[in-house]
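Text of the file run.txt, holding compact mmCIF, C-alpha atoms and all ligand atoms:
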# COMPACT_ATOMS: atom_id res chain seq x y z
CA MET T 1 89.05 47.47 108.71
CA ASP T 2 92.80 47.27 107.99
CA ALA T 3 95.53 49.33 109.66
CA GLU T 4 95.86 51.70 106.72
CA GLN T 5 92.12 52.48 106.78
CA THR T 6 92.27 53.16 110.55
CA THR T 7 95.16 55.62 110.07
CA SER T 8 93.33 57.38 107.28
CA ASP T 9 90.19 57.72 109.42
CA ALA T 10 92.26 59.03 112.32
CA ARG T 11 93.79 61.69 110.05
CA ARG T 12 90.39 62.95 108.97
CA THR T 13 89.17 63.79 112.45
CA MET T 14 90.52 65.48 115.55
CA MET T 15 89.40 66.32 119.07
CA ALA T 16 88.14 69.86 119.48
CA LEU T 17 86.13 72.16 121.72
CA ARG T 18 82.99 73.18 119.82
CA ALA T 19 79.78 75.15 120.32
CA HIS T 20 76.77 74.04 118.30
CA ARG T 21 74.63 76.99 119.45
CA ARG T 22 75.35 80.64 120.21
CA GLY T 23 75.95 81.35 123.86
CA GLY T 24 78.60 81.27 126.54
CA TYR T 25 80.94 78.58 127.85
CA GLU T 26 77.96 76.31 128.67
CA GLN T 27 77.60 75.61 124.93
CA LEU T 28 81.13 74.20 124.60
CA VAL T 29 81.62 70.45 124.20
CA TYR T 30 84.82 68.44 123.79
CA GLU T 31 84.20 66.13 120.85
CA GLU T 32 85.42 64.68 117.60
CA ALA T 33 85.37 67.09 114.66
CA PRO T 34 86.59 67.08 111.07
CA ARG T 35 90.31 67.79 110.79
CA PRO T 36 90.79 70.93 108.65
CA VAL T 37 92.74 70.77 105.39
CA PRO T 38 94.91 73.70 104.28
CA GLY T 39 93.95 75.44 101.04
CA ALA T 40 96.17 77.63 98.87
CA GLY T 41 98.41 79.87 100.98
CA GLU T 42 97.34 78.13 104.19
CA ILE T 43 99.09 75.92 106.73
CA CYS T 44 97.78 73.27 109.11
CA VAL T 45 99.28 73.52 112.59
CA ALA T 46 99.26 70.85 115.30
CA VAL T 47 98.22 73.09 118.19
CA ARG T 48 100.26 72.91 121.37
CA ALA T 49 98.77 75.85 123.27
CA ALA T 50 95.71 78.00 122.62
CA SER T 51 94.96 81.19 124.50
CA ILE T 52 91.58 82.57 125.54
CA THR T 53 90.15 86.05 125.19
CA PHE T 54 86.94 85.55 127.15
CA ALA T 55 85.04 88.31 125.32
CA GLU T 56 85.44 86.34 122.09
CA LEU T 57 82.20 84.41 122.71
CA THR T 58 80.35 87.76 122.50
CA TRP T 59 81.90 88.84 119.19
CA PRO T 60 79.63 88.48 116.10
CA GLU T 61 82.56 87.13 114.03
CA THR T 62 82.78 84.14 116.37
CA TRP T 63 79.33 83.00 115.27
CA GLU T 64 78.89 84.20 111.73
CA SER T 65 80.81 84.98 108.59
CA ASP T 66 79.35 87.44 106.04
CA GLY T 67 76.03 87.16 107.89
CA ALA T 68 75.90 83.35 107.60
CA ASP T 69 75.71 81.17 110.71
CA ARG T 70 79.01 79.32 111.28
CA THR T 71 78.00 76.86 114.00
CA PRO T 72 79.43 74.52 115.06
CA VAL T 73 82.35 76.80 115.90
CA ILE T 74 85.73 76.19 117.53
CA PRO T 75 86.87 79.07 119.80
CA SER T 76 90.31 80.50 120.68
CA HIS T 77 92.06 82.54 118.02
CA GLU T 78 95.55 82.80 119.57
CA PHE T 79 97.86 79.82 119.46
CA ALA T 80 101.29 78.22 119.16
CA GLY T 81 102.15 74.88 117.57
CA VAL T 82 104.03 73.05 114.84
CA VAL T 83 103.31 73.11 111.10
CA VAL T 84 102.19 69.64 109.95
CA GLU T 85 100.93 70.38 106.45
CA VAL T 86 101.30 73.24 103.97
CA GLY T 87 98.84 74.14 101.22
CA PRO T 88 99.73 74.98 97.61
CA GLY T 89 101.82 78.13 97.22
CA VAL T 90 103.20 78.23 100.76
CA THR T 91 106.89 79.02 100.45
CA ASP T 92 107.97 80.73 103.69
CA LEU T 93 107.03 77.93 106.10
CA ALA T 94 107.66 74.20 106.12
CA VAL T 95 106.48 71.12 107.97
CA GLY T 96 108.17 71.03 111.39
CA ASP T 97 108.38 74.82 111.89
CA ALA T 98 107.37 75.97 115.37
CA VAL T 99 105.01 78.92 114.89
CA PHE T 100 102.63 81.18 116.80
CA GLY T 101 100.00 83.64 115.72
CA LEU T 102 96.32 84.34 115.24
CA VAL T 103 93.38 82.74 113.48
CA PRO T 104 91.04 85.08 111.56
CA PHE T 105 88.13 85.74 113.95
CA ASN T 106 85.47 84.53 111.50
CA ARG T 107 87.09 81.10 111.14
CA ASN T 108 87.38 78.06 113.39
CA GLY T 109 89.85 78.68 116.19
CA ALA T 110 92.66 76.79 117.87
CA ALA T 111 90.92 75.00 120.77
CA ALA T 112 91.53 71.81 118.83
CA GLU T 113 94.29 69.39 117.91
CA PHE T 114 94.71 71.10 114.54
CA VAL T 115 94.00 74.53 113.11
CA VAL T 116 94.30 75.88 109.56
CA VAL T 117 95.39 79.50 109.07
CA PRO T 118 96.64 81.71 106.26
CA GLU T 119 100.45 81.58 106.36
CA GLU T 120 100.75 85.34 106.90
CA PHE T 121 98.88 85.01 110.22
CA VAL T 122 101.84 83.31 111.92
CA ALA T 123 105.53 83.80 112.58
CA ARG T 124 108.26 81.39 113.65
CA LYS T 125 108.79 80.96 117.37
CA GLY T 126 112.22 80.42 118.84
CA PRO T 127 112.87 77.37 121.07
CA THR T 128 113.43 79.46 124.21
CA VAL T 129 109.88 80.83 124.21
CA SER T 130 107.34 78.30 125.49
CA ASP T 131 104.23 77.48 123.48
CA ALA T 132 102.01 78.80 126.28
CA GLU T 133 103.93 82.06 126.47
CA ALA T 134 103.83 82.59 122.70
CA ALA T 135 100.09 81.81 122.59
CA ALA T 136 99.52 84.18 125.51
CA ALA T 137 101.36 87.00 123.76
CA ALA T 138 100.09 86.90 120.18
CA LEU T 139 96.74 88.73 120.29
CA PRO T 140 97.27 91.06 123.27
CA ALA T 141 100.71 92.18 122.15
CA LEU T 142 99.62 92.92 118.56
CA THR T 143 96.58 94.80 119.92
CA ALA T 144 98.67 96.87 122.33
CA TRP T 145 101.24 97.59 119.65
CA GLU T 146 98.58 98.79 117.20
CA ALA T 147 96.88 100.96 119.84
CA LEU T 148 100.09 102.71 120.83
CA ASN T 149 101.81 102.99 117.45
CA ASP T 150 99.07 103.16 114.80
CA GLN T 151 96.15 104.68 116.73
CA LEU T 152 98.04 107.01 119.07
CA ASN T 153 101.54 107.46 117.66
CA VAL T 154 102.86 107.53 121.21
CA THR T 155 106.20 109.30 121.58
CA ALA T 156 108.62 109.77 124.46
CA GLY T 157 107.37 112.03 127.23
CA GLN T 158 103.66 111.70 126.44
CA ARG T 159 101.37 111.08 129.38
CA ILE T 160 99.43 107.89 128.76
CA LEU T 161 96.64 106.45 130.93
CA ILE T 162 95.89 102.73 130.65
CA ARG T 163 92.70 101.50 132.31
CA GLY T 164 93.35 97.89 133.36
CA GLY T 165 97.14 98.00 132.99
CA THR T 166 97.89 94.44 134.14
CA GLY T 167 95.34 92.44 132.10
CA GLY T 168 96.01 90.46 128.93
CA VAL T 169 96.20 93.46 126.60
CA GLY T 170 96.85 95.92 129.44
CA ALA T 171 100.12 94.30 130.48
CA PHE T 172 101.48 94.73 126.94
CA LEU T 173 100.17 98.30 126.73
CA THR T 174 102.07 99.07 129.93
CA GLN T 175 105.28 97.38 128.75
CA PHE T 176 105.24 98.89 125.24
CA ALA T 177 104.24 102.39 126.42
CA HIS T 178 107.14 102.29 128.87
CA ARG T 179 109.52 101.13 126.13
CA LEU T 180 108.33 104.05 123.96
CA GLY T 181 109.38 106.42 126.73
CA ALA T 182 105.89 107.57 127.72
CA GLU T 183 104.98 108.57 131.26
CA VAL T 184 102.67 105.67 132.04
CA THR T 185 99.78 105.73 134.50
CA VAL T 186 97.70 102.58 134.90
CA THR T 187 94.59 101.61 136.83
CA VAL T 188 94.36 98.21 138.52
CA THR T 189 91.66 96.47 140.53
CA SER T 190 93.60 95.89 143.73
CA VAL T 191 96.52 97.06 145.80
CA ALA T 192 97.99 93.59 145.21
CA ALA T 193 98.36 94.36 141.47
CA GLU T 194 100.33 97.54 142.11
CA ASP T 195 103.75 95.89 142.28
CA ARG T 196 103.19 93.99 139.08
CA ALA T 197 102.06 97.17 137.30
CA ARG T 198 105.26 98.94 138.37
CA ARG T 199 107.40 95.98 137.32
CA LEU T 200 105.79 96.12 133.86
CA GLY T 201 106.80 99.76 133.58
CA ALA T 202 104.04 101.88 135.12
CA ASP T 203 105.25 105.16 136.58
CA HIS T 204 102.01 105.76 138.48
CA VAL T 205 99.33 103.31 139.63
CA ILE T 206 95.73 104.14 140.55
CA VAL T 207 93.64 101.50 142.29
CA ALA T 208 90.12 101.21 140.82
CA GLY T 209 87.62 103.30 142.74
CA SER T 210 89.76 106.39 143.00
CA GLU T 211 90.11 107.09 139.27
CA SER T 212 87.93 110.15 139.25
CA ASP T 213 90.36 111.83 141.58
CA ALA T 214 90.34 115.47 140.41
CA ARG T 215 94.14 115.51 140.21
CA ASN T 216 94.00 113.26 137.17
CA ARG T 217 91.37 115.16 135.24
CA GLY T 218 92.55 116.47 131.90
CA ALA T 219 96.10 115.42 132.67
CA PHE T 220 96.67 112.83 129.96
CA ASP T 221 97.59 113.08 126.28
CA ALA T 222 95.78 109.82 125.64
CA ALA T 223 93.83 107.13 127.48
CA ILE T 224 93.24 103.51 126.46
CA ASP T 225 90.61 101.24 127.93
CA ALA T 226 91.90 97.66 128.34
CA VAL T 227 89.08 96.54 130.64
CA GLY T 228 86.22 96.24 128.16
CA ALA T 229 82.47 96.65 128.72
CA ASP T 230 81.33 100.24 129.25
CA LEU T 231 83.82 103.05 128.87
CA PRO T 232 83.41 105.21 132.00
CA GLU T 233 82.88 108.95 131.60
CA TRP T 234 85.89 109.73 133.78
CA LEU T 235 88.16 108.22 131.14
CA TYR T 236 87.11 110.88 128.59
CA ALA T 237 87.42 113.53 131.30
CA SER T 238 90.94 112.44 132.19
CA VAL T 239 92.29 113.38 128.73
CA ARG T 240 93.28 116.95 127.83
CA PRO T 241 91.20 118.71 125.14
CA GLY T 242 92.54 117.63 121.76
CA GLY T 243 93.83 114.35 123.22
CA ARG T 244 92.82 110.80 122.27
CA VAL T 245 90.76 107.99 123.78
CA VAL T 246 91.05 104.44 122.42
CA ALA T 247 88.47 101.75 123.18
CA LEU T 248 89.13 98.07 122.57
CA GLN T 249 85.75 96.44 123.27
CA GLU T 250 83.33 98.58 121.27
CA PRO T 251 83.13 101.99 119.57
CA PRO T 252 83.25 104.81 122.15
CA SER T 253 80.57 107.47 122.73
CA ARG T 254 80.77 110.31 120.19
CA GLU T 255 78.69 112.50 122.52
CA LEU T 256 81.11 112.15 125.43
CA ALA T 257 84.09 112.61 123.12
CA ASP T 258 82.58 115.87 121.84
CA GLU T 259 81.66 116.98 125.35
CA TYR T 260 85.27 116.62 126.52
CA GLY T 261 86.86 117.76 123.25
CA VAL T 262 88.76 114.54 122.61
CA THR T 263 89.04 112.20 119.62
CA ALA T 264 87.83 108.72 120.46
CA SER T 265 88.38 105.61 118.33
CA PHE T 266 87.96 101.86 118.22
CA PHE T 267 89.81 99.33 116.09
CA VAL T 268 90.01 95.59 115.58
CA VAL T 269 93.55 94.24 115.66
CA ARG T 270 95.11 93.32 112.33
CA VAL T 271 97.74 90.66 111.93
CA ASP T 272 101.19 91.80 110.93
CA ARG T 273 103.81 89.08 110.50
CA ALA T 274 106.72 91.52 110.83
CA ARG T 275 105.37 92.57 114.23
CA LEU T 276 104.85 88.94 115.29
CA GLU T 277 108.48 88.25 114.35
CA GLU T 278 109.65 91.28 116.33
CA LEU T 279 107.50 90.15 119.22
CA ALA T 280 109.10 86.67 119.09
CA GLY T 281 112.50 88.36 119.34
CA LEU T 282 111.49 90.51 122.31
CA LEU T 283 110.04 87.48 124.14
CA ALA T 284 113.13 85.38 123.41
CA ALA T 285 115.39 88.16 124.69
CA GLY T 286 113.32 88.51 127.85
CA GLN T 287 112.63 92.16 127.06
CA ILE T 288 108.89 91.71 127.44
CA GLU T 289 106.89 89.08 129.28
CA ALA T 290 103.61 87.29 128.72
CA ALA T 291 101.85 86.28 131.92
CA ILE T 292 100.00 82.98 132.23
CA ALA T 293 97.31 82.89 134.90
CA GLN T 294 96.28 79.24 134.56
CA THR T 295 96.31 76.30 132.17
CA PHE T 296 93.70 73.64 131.35
CA PRO T 297 93.93 70.54 129.15
CA LEU T 298 91.88 70.73 125.93
CA SER T 299 89.56 68.02 127.27
CA ASP T 300 88.68 70.45 130.08
CA GLY T 301 88.32 73.41 127.73
CA ARG T 302 84.80 74.25 128.84
CA ALA T 303 86.12 74.77 132.39
CA ALA T 304 88.81 77.04 130.95
CA TYR T 305 86.13 79.26 129.39
CA ALA T 306 83.94 79.04 132.51
CA SER T 307 86.86 80.34 134.58
CA GLY T 308 86.41 83.75 132.96
CA ALA T 309 83.66 84.46 135.48
CA LEU T 310 85.85 83.50 138.46
CA PRO T 311 88.74 85.27 140.19
CA LYS T 312 92.02 84.31 138.52
CA PRO T 313 94.67 82.49 140.60
CA ALA T 314 97.30 84.85 139.12
CA PRO T 315 97.43 87.71 136.60
CA GLY T 316 97.62 86.83 132.92
CA LYS T 317 96.03 84.75 130.21
CA THR T 318 94.16 81.49 130.51
CA ILE T 319 95.73 78.82 128.29
CA VAL T 320 94.38 75.58 126.88
CA LEU T 321 97.19 73.04 126.50
CA VAL T 322 96.65 70.69 123.59
CA SER T 323 99.73 68.51 123.49
N1 LIG D 401 89.82 95.49 119.54
C1 LIG D 401 90.62 94.44 119.51
O1 LIG D 401 91.22 94.10 118.48
C2 LIG D 401 90.82 93.64 120.75
C3 LIG D 401 91.81 92.64 120.83
C4 LIG D 401 91.98 91.95 122.05
C5 LIG D 401 91.17 92.26 123.14
N2 LIG D 401 90.20 93.22 122.99
C6 LIG D 401 89.36 93.62 124.13
O2 LIG D 401 90.22 94.13 125.12
C7 LIG D 401 89.58 93.99 126.39
C8 LIG D 401 90.55 93.38 127.39
O3 LIG D 401 90.84 92.05 126.97
P1 LIG D 401 91.88 91.18 127.81
O4 LIG D 401 91.99 89.89 127.12
O5 LIG D 401 93.08 91.97 128.08
O6 LIG D 401 91.05 90.98 129.18
P2 LIG D 401 91.61 90.62 130.62
O7 LIG D 401 92.87 89.84 130.53
O8 LIG D 401 90.45 90.05 131.36
O9 LIG D 401 92.02 92.03 131.24
C9 LIG D 401 91.10 92.91 131.78
C10 LIG D 401 91.82 93.61 132.93
O10 LIG D 401 90.97 94.64 133.41
C11 LIG D 401 91.07 94.64 134.83
N3 LIG D 401 89.91 95.32 135.36
C12 LIG D 401 88.65 94.85 135.48
N4 LIG D 401 87.85 95.82 135.99
C13 LIG D 401 88.65 96.90 136.19
C14 LIG D 401 88.44 98.20 136.68
N5 LIG D 401 87.24 98.62 137.07
N6 LIG D 401 89.51 99.05 136.74
C15 LIG D 401 90.75 98.67 136.36
N7 LIG D 401 91.01 97.44 135.87
C16 LIG D 401 89.97 96.58 135.79
C17 LIG D 401 91.19 93.19 135.19
O11 LIG D 401 91.75 93.06 136.47
P3 LIG D 401 91.41 91.78 137.39
O12 LIG D 401 91.98 90.60 136.66
O13 LIG D 401 92.09 92.10 138.66
O14 LIG D 401 89.91 91.73 137.47
C18 LIG D 401 92.12 92.69 134.11
O15 LIG D 401 93.47 92.90 134.50
C19 LIG D 401 88.33 93.13 126.14
O16 LIG D 401 87.22 93.98 126.03
C20 LIG D 401 88.62 92.50 124.78
O17 LIG D 401 87.45 92.20 124.06
C21 LIG D 401 90.02 93.91 121.84
Hey, can you dump this file as structure tokens for me?
Ligand SMILES: NC(=O)c1ccc[n+]([C@@H]2O[C@H](COP(=O)([O-])OP(=O)(O)OC[C@H]3O[C@@H](n4cnc5c(N)ncnc54)[C@H](OP(=O)(O)O)[C@@H]3O)[C@@H](O)[C@H]2O)c1
Amino acid sequence: MDAEQTTSDARRTMMALRAHRRGGYEQLVYEEAPRPVPGAGEICVAVRAASITFAELTWPETWESDGADRTPVIPSHEFAGVVVEVGPGVTDLAVGDAVFGLVPFNRNGAAAEFVVVPEEFVARKGPTVSDAEAAAAALPALTAWEALNDQLNVTAGQRILIRGGTGGVGAFLTQFAHRLGAEVTVTVTSVAAEDRARRLGADHVIVAGSESDARNRGAFDAAIDAVGADLPEWLYASVRPGGRVVALQEPPSRELADEYGVTASFFVVRVDRARLEELAGLLAAGQIEAAIAQTFPLSDGRAAYASGALPKPAPGKTIVLVS
């Protein structure tokens, strides 16, 4: 085999974290996989940092597309990196651009050396924002932004309750709600998280376990659950009649919403390049922050996903560093 052939073979494959069967982190293997090729309107990015939303392995889109099995799949749909190839028709981005953004959830993700995405799913990233920070911000910040602006139309003076106000999405909900001028109350799991919640912009902090405190019942214009799993009944009860509840993990209970006279909704985040660009500006200016709890090399990606079941060493997102 000559040198040219070796290079060509190397370009056709990449190292990636993949699952060949549905399941949790135990299905993930670090292995060689085909390198993706950008189609029309798509770019190929050399991934530098990929961020994890642990619940992603439970989402149907991770495993299937239009009902068809997608395995083997590559997880992680939040990333930062450098454009290495552009498909036909791409005009806004060029090889060498540093970008960050999302991967559509029903496509292979960014826990790999390369990822292909539609060009409108990314924005340019300034040099002062690290790859890990940009990857950590993309999905949670867009989700928080959509919850507060599109779902709730939050305005100054509104009383907003955020359950889990220092998590991945929760930290951005707290920061953005504060920037919108809302009176922000957040719940956290420990007294230790109180200071961080206040630094992010919370006016009031409730430590988990005392949420059903009667003083908070019916007090809020809107409540958002940024914890996931089951939405507790007290969250519906904490909102005034006519107020709003937003769930991020799954559609809320219509019965409980009716019982407490609130409107409850669920949405799946949509990508908006203009918002990603604005987000890049806010991160670069230090006006918002993305917290990074821990980092793992791609070769140790399974451990990164396994860490979701363990206490985090610090608040924030878990990042897979690729190069
Ligand atoms: N709909 C969408 O488009 C969309 C997009 C992104 C994410 N999501 C969903 O949003 C949810 C949160 O995701 P994430 O990435 O932000 O997760 P995360 O980083 O793990 O954040 C969850 C937060 O909840 C806190 N928490 C856990 N139990 C709590 C309790 N009983 N009371 C108060 N806080 C509690 C955790 O605190 P500790 O760390 O101290 O345990 C953590 O700060 C997930 O369900 C995810 O699927 C939805």
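Proximity of T:Arg124, T:Arg273, T:His77, T:Arg179 to ligand LIG 401 (chain D), computed with all atoms listed in the file, is greatest for T:His77.
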With only C-alpha atoms counted, which protein, DNA or RNA residues have an atom no more than 10 Å from (107.1, 87.6, 122.2) in the file frame? Please answer as a list of chain:residue names.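 Residues with an atom at most 10 Å from (107.1, 87.6, 122.2): T:Phe100, T:Lys125, T:Gly126, T:Val129, T:Ser130, T:Glu133, T:Ala134, T:Ala135, T:Ala136, T:Ala137, T:Ala138, T:Ala141, T:Leu142, T:Arg275, T:Leu276, T:Glu277, T:Glu278, T:Leu279, T:Ala280, T:Gly281, T:Leu282, T:Leu283, T:Ala284, T:Ala285, T:Gly286, T:Gln287, T:Ile288, T:Glu289, T:Ala290.
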Which residue gives the smallest distance to T:Pro241 among T:Val116, T:Ala219, T:Ala111, T:Val184, with all atoms listed in the file counted? T:Ala219
T:Ile160, T:Val268, T:Ile74, T:Val186: which is nearest T:Gly243, counting all atoms listed in the file?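 The closest residue to T:Gly243 is T:Ile160.
Using all atoms listed in the file for every distance, the candidate list T:Gly39, T:Gly218, T:Gly242, T:Gly209 yields T:Gly209 as the residue closest to T:Val191.
Shortest separation to ligand LIG 401 (chain D) among T:Gly167, T:Gly101, T:Gly261, T:Gly23 occurs at residue T:Gly167, atoms counted being all atoms listed in the file.
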Residues up to 8 Å from ligand LIG 401 (chain D), counting all atoms listed in the file: could you list those as a tab-separated table (two decimals) with C-alpha atoms, keeping the file's coordinate frame?
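Just written: part_7.tsv:
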chain	number	residue	atom	x	y	z
T	52	ILE	CA	91.58	82.57	125.54
T	53	THR	CA	90.15	86.05	125.19
T	54	PHE	CA	86.94	85.55	127.15
T	55	ALA	CA	85.04	88.31	125.32
T	56	GLU	CA	85.44	86.34	122.09
T	139	LEU	CA	96.74	88.73	120.29
T	140	PRO	CA	97.27	91.06	123.27
T	143	THR	CA	96.58	94.80	119.92
T	163	ARG	CA	92.70	101.50	132.31
T	164	GLY	CA	93.35	97.89	133.36
T	165	GLY	CA	97.14	98.00	132.99
T	166	THR	CA	97.89	94.44	134.14
T	167	GLY	CA	95.34	92.44	132.10
T	168	GLY	CA	96.01	90.46	128.93
T	169	VAL	CA	96.20	93.46	126.60
T	170	GLY	CA	96.85	95.92	129.44
T	171	ALA	CA	100.12	94.30	130.48
T	187	THR	CA	94.59	101.61	136.83
T	188	VAL	CA	94.36	98.21	138.52
T	189	THR	CA	91.66	96.47	140.53
T	190	SER	CA	93.60	95.89	143.73
T	193	ALA	CA	98.36	94.36	141.47
T	207	VAL	CA	93.64	101.50	142.29
T	208	ALA	CA	90.12	101.21	140.82
T	209	GLY	CA	87.62	103.30	142.74
T	225	ASP	CA	90.61	101.24	127.93
T	226	ALA	CA	91.90	97.66	128.34
T	227	VAL	CA	89.08	96.54	130.64
T	228	GLY	CA	86.22	96.24	128.16
T	229	ALA	CA	82.47	96.65	128.72
T	247	ALA	CA	88.47	101.75	123.18
T	248	LEU	CA	89.13	98.07	122.57
T	249	GLN	CA	85.75	96.44	123.27
T	250	GLU	CA	83.33	98.58	121.27
T	266	PHE	CA	87.96	101.86	118.22
T	267	PHE	CA	89.81	99.33	116.09
T	268	VAL	CA	90.01	95.59	115.58
T	269	VAL	CA	93.55	94.24	115.66
T	270	ARG	CA	95.11	93.32	112.33
T	308	GLY	CA	86.41	83.75	132.96
T	311	PRO	CA	88.74	85.27	140.19
T	312	LYS	CA	92.02	84.31	138.52
T	315	PRO	CA	97.43	87.71	136.60
T	316	GLY	CA	97.62	86.83	132.92
T	317	LYS	CA	96.03	84.75	130.21
Work out how far atom CA of T:Val45 is from atom CA of T:Phe296, in Å to one decimal.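 Between these atoms lies a distance of 19.6 Å.
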If we count all atoms listed in the file and set the cut-off at 12 Å, which residues sit around T:Asp66, ignoring sequence neighbours fewer than 6 positions away in its own chain? Please answer as a PyMOL selection string. chain T and resi 60+105-107
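Across the model, the gap from atom CA of T:Gly41 to atom CA of T:Val90 is 5.1 Å.
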Record the distance separating atom CA of T:Phe220 and atom CA of T:Gln158, expressed in Å with one decimal.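 Atom CA of T:Gln158 lies 7.9 Å from atom CA of T:Phe220.
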Which residue is closest to T:Cys44? Choose from T:Ala274, T:Val245, T:Ala19, T:Val95 and count only C-alpha atoms. T:Val95
Near-stretch 153-155 of chain T list (12 Å; only C-alpha atoms; drop same-chain fewer than 6 positions) as an MDAnalysis selection string: chainID T and resid 144:147 161 173 176:184 220:224 243:244 246
Which polymer residues have any atom within 6 Å of an atom of T:Ala202, counting all atoms listed in the file, with same-chain residues fewer than 3 positions away left out, as a PyMOL selection string? chain T and resi 184-185+197-198
Taking the point (99.5, 77.3, 108.8) as given in the file, collect each protein or nucleic acid residue that comes within 8 Å of it, counting all atoms listed in the file, and present the set as number ranges by chain. T: 38, 42-45, 83, 85-86, 115-119, 121-122
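Residues lying within 10 Å of T:Pro72, counting all atoms listed in the file and ignoring same-chain neighbours fewer than 5 positions away, are Leu17, Arg18, Ala19, His20, Arg21, Arg22, Leu28, Ala33, Trp63 and Asn108 of chain T.
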